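As provided, start-v2.cif (mmCIF, C-alpha atoms; chains and numbers go by the auth columns) reads as follows.
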data_work
loop_
_atom_site.group_PDB
_atom_site.id
_atom_site.type_symbol
_atom_site.label_atom_id
_atom_site.label_comp_id
_atom_site.label_asym_id
_atom_site.label_seq_id
_atom_site.Cartn_x
_atom_site.Cartn_y
_atom_site.Cartn_z
_atom_site.B_iso_or_equiv
_atom_site.auth_seq_id
_atom_site.auth_asym_id
ATOM 1 C CA ARG A 1 173.412 -46.695 7.868 0.00 1410 A
ATOM 2 C CA ALA A 2 175.443 -43.493 7.559 0.00 1411 A
ATOM 3 C CA ALA A 3 178.702 -45.457 7.640 0.00 1412 A
ATOM 4 C CA GLU A 4 177.350 -47.749 4.914 0.00 1413 A
ATOM 5 C CA ASP A 5 176.509 -44.694 2.793 0.00 1414 A
ATOM 6 C CA VAL A 6 180.036 -43.330 3.245 0.00 1415 A
ATOM 7 C CA ARG A 7 181.610 -46.658 2.247 0.00 1416 A
ATOM 8 C CA PHE A 8 179.350 -46.896 -0.786 0.00 1417 A
ATOM 9 C CA ALA A 9 180.155 -43.317 -1.857 0.00 1418 A
ATOM 10 C CA GLU A 10 183.886 -43.988 -1.513 0.00 1419 A
ATOM 11 C CA ALA A 11 183.577 -47.148 -3.624 0.00 1420 A
ATOM 12 C CA PHE A 12 181.480 -45.336 -6.247 0.00 1421 A
ATOM 13 C CA ALA A 13 184.036 -42.496 -6.481 0.00 1422 A
ATOM 14 C CA ALA A 14 186.884 -45.016 -6.727 0.00 1423 A
ATOM 15 C CA GLU A 15 185.105 -46.717 -9.615 0.00 1424 A
ATOM 16 C CA ILE A 16 184.684 -43.361 -11.373 0.00 1425 A
ATOM 17 C CA ARG A 17 188.408 -42.711 -10.978 0.00 1426 A
ATOM 18 C CA ARG A 18 189.229 -46.207 -12.271 0.00 1427 A
ATOM 19 C CA LEU A 19 187.045 -45.848 -15.366 0.00 1428 A
ATOM 20 C CA PHE A 20 187.783 -42.147 -15.942 0.00 1429 A
ATOM 21 C CA PRO A 21 191.297 -41.382 -14.651 0.00 1430 A
ATOM 22 C CA GLY A 22 191.162 -37.933 -16.236 0.00 1431 A
ATOM 23 C CA CYS A 23 187.951 -36.946 -14.448 0.00 1432 A
ATOM 24 C CA PRO A 24 188.683 -34.061 -12.088 0.00 1433 A
ATOM 25 C CA GLU A 25 188.515 -35.154 -8.445 0.00 1434 A
ATOM 26 C CA ALA A 26 185.902 -32.527 -7.582 0.00 1435 A
ATOM 27 C CA ARG A 27 183.684 -33.764 -10.412 0.00 1436 A
ATOM 28 C CA ALA A 28 184.038 -37.388 -9.316 0.00 1437 A
ATOM 29 C CA ARG A 29 182.932 -36.339 -5.816 0.00 1438 A
ATOM 30 C CA ALA A 30 180.012 -34.317 -7.198 0.00 1439 A
ATOM 31 C CA VAL A 31 178.846 -37.186 -9.434 0.00 1440 A
ATOM 32 C CA THR A 32 179.095 -39.569 -6.503 0.00 1441 A
ATOM 33 C CA ALA A 33 177.125 -37.292 -4.185 0.00 1442 A
ATOM 34 C CA HIS A 34 174.405 -36.752 -6.761 0.00 1443 A
ATOM 35 C CA ALA A 35 174.096 -40.329 -8.015 0.00 1444 A
ATOM 36 C CA SER A 36 174.333 -42.097 -4.680 0.00 1445 A
ATOM 37 C CA ALA A 37 171.998 -40.024 -2.511 0.00 1446 A
ATOM 38 C CA ARG A 38 169.836 -42.420 -0.510 0.00 1447 A
ATOM 39 C CA GLY A 39 166.214 -42.338 -1.629 0.00 1448 A
ATOM 40 C CA SER A 40 166.997 -40.346 -4.778 0.00 1449 A
ATOM 41 C CA GLY A 41 166.018 -43.029 -7.260 0.00 1450 A
ATOM 42 C CA ARG A 42 169.131 -42.157 -9.256 0.00 1451 A
ATOM 43 C CA VAL A 43 171.342 -44.661 -11.008 0.00 1452 A
ATOM 44 C CA GLY A 44 173.734 -44.944 -8.092 0.00 1453 A
ATOM 45 C CA ARG A 45 170.919 -46.271 -5.926 0.00 1454 A
ATOM 46 C CA SER A 46 169.671 -48.793 -8.467 0.00 1455 A
ATOM 47 C CA ALA A 47 170.659 -52.430 -8.060 0.00 1456 A
ATOM 48 C CA ALA A 48 173.251 -51.954 -10.808 0.00 1457 A
ATOM 49 C CA GLY A 49 174.587 -48.839 -9.114 0.00 1458 A
ATOM 50 C CA ARG A 50 174.856 -50.498 -5.727 0.00 1459 A
ATOM 51 C CA ALA A 51 176.725 -53.335 -7.434 0.00 1460 A
ATOM 52 C CA LEU A 52 179.033 -50.712 -8.992 0.00 1461 A
ATOM 53 C CA SER A 53 178.317 -52.030 -12.474 0.00 1462 A
ATOM 54 C CA GLU A 54 180.326 -50.266 -15.129 0.00 1463 A
ATOM 55 C CA GLY A 55 177.166 -49.300 -16.999 0.00 1464 A
ATOM 56 C CA ALA A 56 175.661 -47.590 -13.966 0.00 1465 A
ATOM 57 C CA VAL A 57 178.842 -45.673 -13.195 0.00 1466 A
ATOM 58 C CA VAL A 58 179.266 -44.585 -16.823 0.00 1467 A
ATOM 59 C CA SER A 59 175.599 -43.501 -16.914 0.00 1468 A
ATOM 60 C CA ALA A 60 176.076 -41.348 -13.820 0.00 1469 A
ATOM 61 C CA VAL A 61 179.199 -39.688 -15.226 0.00 1470 A
ATOM 62 C CA ALA A 62 177.574 -39.171 -18.643 0.00 1471 A
ATOM 63 C CA ALA A 63 174.547 -37.549 -16.997 0.00 1472 A
ATOM 64 C CA SER A 64 176.827 -35.151 -15.164 0.00 1473 A
ATOM 65 C CA VAL A 65 178.651 -34.247 -18.370 0.00 1474 A
ATOM 66 C CA ARG A 66 175.341 -33.799 -20.189 0.00 1475 A
ATOM 67 C CA HIS A 67 173.993 -31.365 -17.576 0.00 1476 A
ATOM 68 C CA VAL A 68 177.183 -29.535 -16.585 0.00 1477 A
ATOM 69 C CA ASP A 69 179.325 -29.398 -19.725 0.00 1478 A
ATOM 70 C CA THR A 70 176.833 -29.030 -22.556 0.00 1479 A
ATOM 71 C CA PRO A 71 173.871 -26.799 -23.397 0.00 1480 A
ATOM 72 C CA TYR A 72 171.506 -29.760 -22.805 0.00 1481 A
ATOM 73 C CA ASP A 73 169.371 -28.068 -20.144 0.00 1482 A
ATOM 74 C CA GLN A 74 169.111 -24.869 -22.192 0.00 1483 A
ATOM 75 C CA LEU A 75 167.998 -26.893 -25.219 0.00 1484 A
ATOM 76 C CA LEU A 76 165.274 -28.559 -23.169 0.00 1485 A
ATOM 77 C CA MET A 77 164.150 -25.239 -21.706 0.00 1486 A
ATOM 78 C CA SER A 78 163.919 -23.771 -25.201 0.00 1487 A
ATOM 79 C CA GLY A 79 161.524 -26.520 -26.239 0.00 1488 A
ATOM 80 C CA VAL A 80 163.868 -28.928 -28.027 0.00 1489 A
ATOM 81 C CA PRO A 81 162.561 -32.479 -27.532 0.00 1490 A
ATOM 82 C CA ARG A 82 164.660 -34.621 -25.188 0.00 1491 A
ATOM 83 C CA HIS A 83 165.765 -37.088 -27.898 0.00 1492 A
ATOM 84 C CA GLU A 84 166.819 -34.249 -30.193 0.00 1493 A
ATOM 85 C CA ALA A 85 168.668 -32.414 -27.407 0.00 1494 A
ATOM 86 C CA ARG A 86 170.545 -35.602 -26.549 0.00 1495 A
ATOM 87 C CA ARG A 87 171.401 -36.125 -30.212 0.00 1496 A
ATOM 88 C CA ARG A 88 172.762 -32.593 -30.515 0.00 1497 A
ATOM 89 C CA ILE A 89 175.053 -32.905 -27.509 0.00 1498 A
ATOM 90 C CA SER A 90 176.078 -36.546 -27.926 0.00 1499 A
ATOM 91 C CA VAL A 91 179.390 -35.818 -29.660 0.00 1500 A
ATOM 92 C CA GLY A 92 180.408 -33.406 -26.913 0.00 1501 A
ATOM 93 C CA VAL A 93 179.463 -35.837 -24.153 0.00 1502 A
ATOM 94 C CA GLU A 94 181.403 -38.652 -25.784 0.00 1503 A
ATOM 95 C CA GLY A 95 184.382 -36.338 -26.299 0.00 1504 A
ATOM 96 C CA VAL A 96 184.520 -35.472 -22.614 0.00 1505 A
ATOM 97 C CA LEU A 97 184.064 -39.097 -21.556 0.00 1506 A
ATOM 98 C CA GLN A 98 186.774 -40.262 -23.949 0.00 1507 A
ATOM 99 C CA GLY A 99 189.130 -37.566 -22.736 0.00 1508 A
ATOM 100 C CA TRP A 100 188.522 -38.580 -19.141 0.00 1509 A
ATOM 101 C CA ARG A 101 188.969 -42.259 -20.013 0.00 1510 A
ATOM 102 C CA GLU A 102 192.323 -41.450 -21.534 0.00 1511 A
ATOM 103 C CA GLY A 103 193.212 -39.099 -18.724 0.00 1512 A
ATOM 104 C CA GLY A 104 193.714 -36.399 -21.334 0.00 1513 A
ATOM 105 C CA VAL A 105 193.291 -32.673 -20.981 0.00 1514 A
ATOM 106 C CA LEU A 106 191.263 -32.364 -24.165 0.00 1515 A
ATOM 107 C CA ALA A 107 187.992 -33.141 -22.398 0.00 1516 A
ATOM 108 C CA GLU A 108 187.338 -29.550 -21.401 0.00 1517 A
ATOM 109 C CA ALA A 109 188.094 -28.346 -24.925 0.00 1518 A
ATOM 110 C CA ALA A 110 185.595 -30.860 -26.364 0.00 1519 A
ATOM 111 C CA ALA A 111 182.913 -29.677 -23.943 0.00 1520 A
ATOM 112 C CA ARG A 112 183.646 -26.041 -24.796 0.00 1521 A
ATOM 113 C CA VAL A 113 183.321 -26.751 -28.527 0.00 1522 A
ATOM 114 C CA GLU A 114 180.006 -28.519 -27.922 0.00 1523 A
ATOM 115 C CA ARG A 115 178.697 -25.659 -25.750 0.00 1524 A
ATOM 116 C CA ASP A 116 179.612 -23.134 -28.437 0.00 1525 A
ATOM 117 C CA ALA A 117 177.964 -25.247 -31.156 0.00 1526 A
ATOM 118 C CA GLY A 118 174.718 -25.648 -29.158 0.00 1527 A
#

Kindly present the structure from the file in structure tokens form.
Amino acid sequence: RAAEDVRFAEAFAAEIRRLFPGCPEARARAVTAHASARGSGRVGRSAAGRALSEGAVVSAVAASVRHVDTPYDQLLMSGVPRHEARRRISVGVEGVLQGWREGGVLAEAAARVERDAG
């Protein structure tokens, strides 16, 4: 079972790198560890995640960007409704994802702008 988990995590991380070549290696590993934890109920453990569907992988990476690179959690803690918080940070999340898709270095700048605007 442990060997299966390792193989799955390696495949999940490889898919992140394929879809987001500009994603920092440490972030790809962190997303993989978080999304693929056995028994977590997270997207990586869903049927789509286990099948390495593009949608599941993108969802896992977007969730990481939302929580790590934007003021999303602070907005929620300050009482902003979830749908409104997601709306406010959506441009920043998409900017980071697009930058990582293109392998560009502008992703961090987009996240910084979004954090400052929050």

Inset, instruction - Could you list the residues chosen by the PyMOL selection byres ((chain A and resi 1424) around 10) in this structure as a PyMOL selection string? - result: chain A and resi 1418-1423+1425-1430+1437+1441+1461-1463+1466-1467

Would you write out, as an mmCIF file with C-alpha atoms, in the frame of the given file, every residue that the PyMOL selection byres ((chain A and resi 1502) around 10) captures in this file?
data_model
loop_
_atom_site.group_PDB
_atom_site.id
_atom_site.type_symbol
_atom_site.label_atom_id
_atom_site.label_comp_id
_atom_site.auth_asym_id
_atom_site.auth_seq_id
_atom_site.Cartn_x
_atom_site.Cartn_y
_atom_site.Cartn_z
ATOM 1 C CA VAL A 1470 179.199 -39.688 -15.226
ATOM 2 C CA ALA A 1471 177.574 -39.171 -18.643
ATOM 3 C CA ALA A 1472 174.547 -37.549 -16.997
ATOM 4 C CA SER A 1473 176.827 -35.151 -15.164
ATOM 5 C CA VAL A 1474 178.651 -34.247 -18.370
ATOM 6 C CA ARG A 1475 175.341 -33.799 -20.189
ATOM 7 C CA HIS A 1476 173.993 -31.365 -17.576
ATOM 8 C CA ASP A 1478 179.325 -29.398 -19.725
ATOM 9 C CA THR A 1479 176.833 -29.030 -22.556
ATOM 10 C CA ARG A 1495 170.545 -35.602 -26.549
ATOM 11 C CA ARG A 1497 172.762 -32.593 -30.515
ATOM 12 C CA ILE A 1498 175.053 -32.905 -27.509
ATOM 13 C CA SER A 1499 176.078 -36.546 -27.926
ATOM 14 C CA VAL A 1500 179.390 -35.818 -29.660
ATOM 15 C CA GLY A 1501 180.408 -33.406 -26.913
ATOM 16 C CA GLU A 1503 181.403 -38.652 -25.784
ATOM 17 C CA GLY A 1504 184.382 -36.338 -26.299
ATOM 18 C CA VAL A 1505 184.520 -35.472 -22.614
ATOM 19 C CA LEU A 1506 184.064 -39.097 -21.556
ATOM 20 C CA GLN A 1507 186.774 -40.262 -23.949
ATOM 21 C CA GLY A 1508 189.130 -37.566 -22.736
ATOM 22 C CA ALA A 1516 187.992 -33.141 -22.398
ATOM 23 C CA ALA A 1519 185.595 -30.860 -26.364
ATOM 24 C CA ALA A 1520 182.913 -29.677 -23.943
ATOM 25 C CA GLU A 1523 180.006 -28.519 -27.922
#

Please return the centre and edge lengths, in Å to one decimal, of a box with edges along x, y and z that contains all listed atoms of segment 1431-1436 of chain A, widened by 3 Å on every side, as AutoDock Vina command-line options.
--center_x 187.4 --center_y -35.2 --center_z -11.9 --size_x 13.5 --size_y 11.4 --size_z 14.7

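What separates atom CA of Tyr1481 of chain A from atom CA of Ala1465 of chain A is a distance of 20.3 Å.
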
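Interatomic distance, atom CA of Arg1510 of chain A to atom CA of His1492 of chain A: 25.0 Å.
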
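Each of A:Glu1511, A:Gly1488, A:Val1415, A:Val1477 was compared to Ala1446 of chain A using all atoms listed in the file, and A:Val1415 turns out to be the nearest.
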
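For the atom pair formed by atom CA of Pro1480 of chain A and atom CA of Ala1439 of chain A, the distance is 18.9 Å, given to one decimal.
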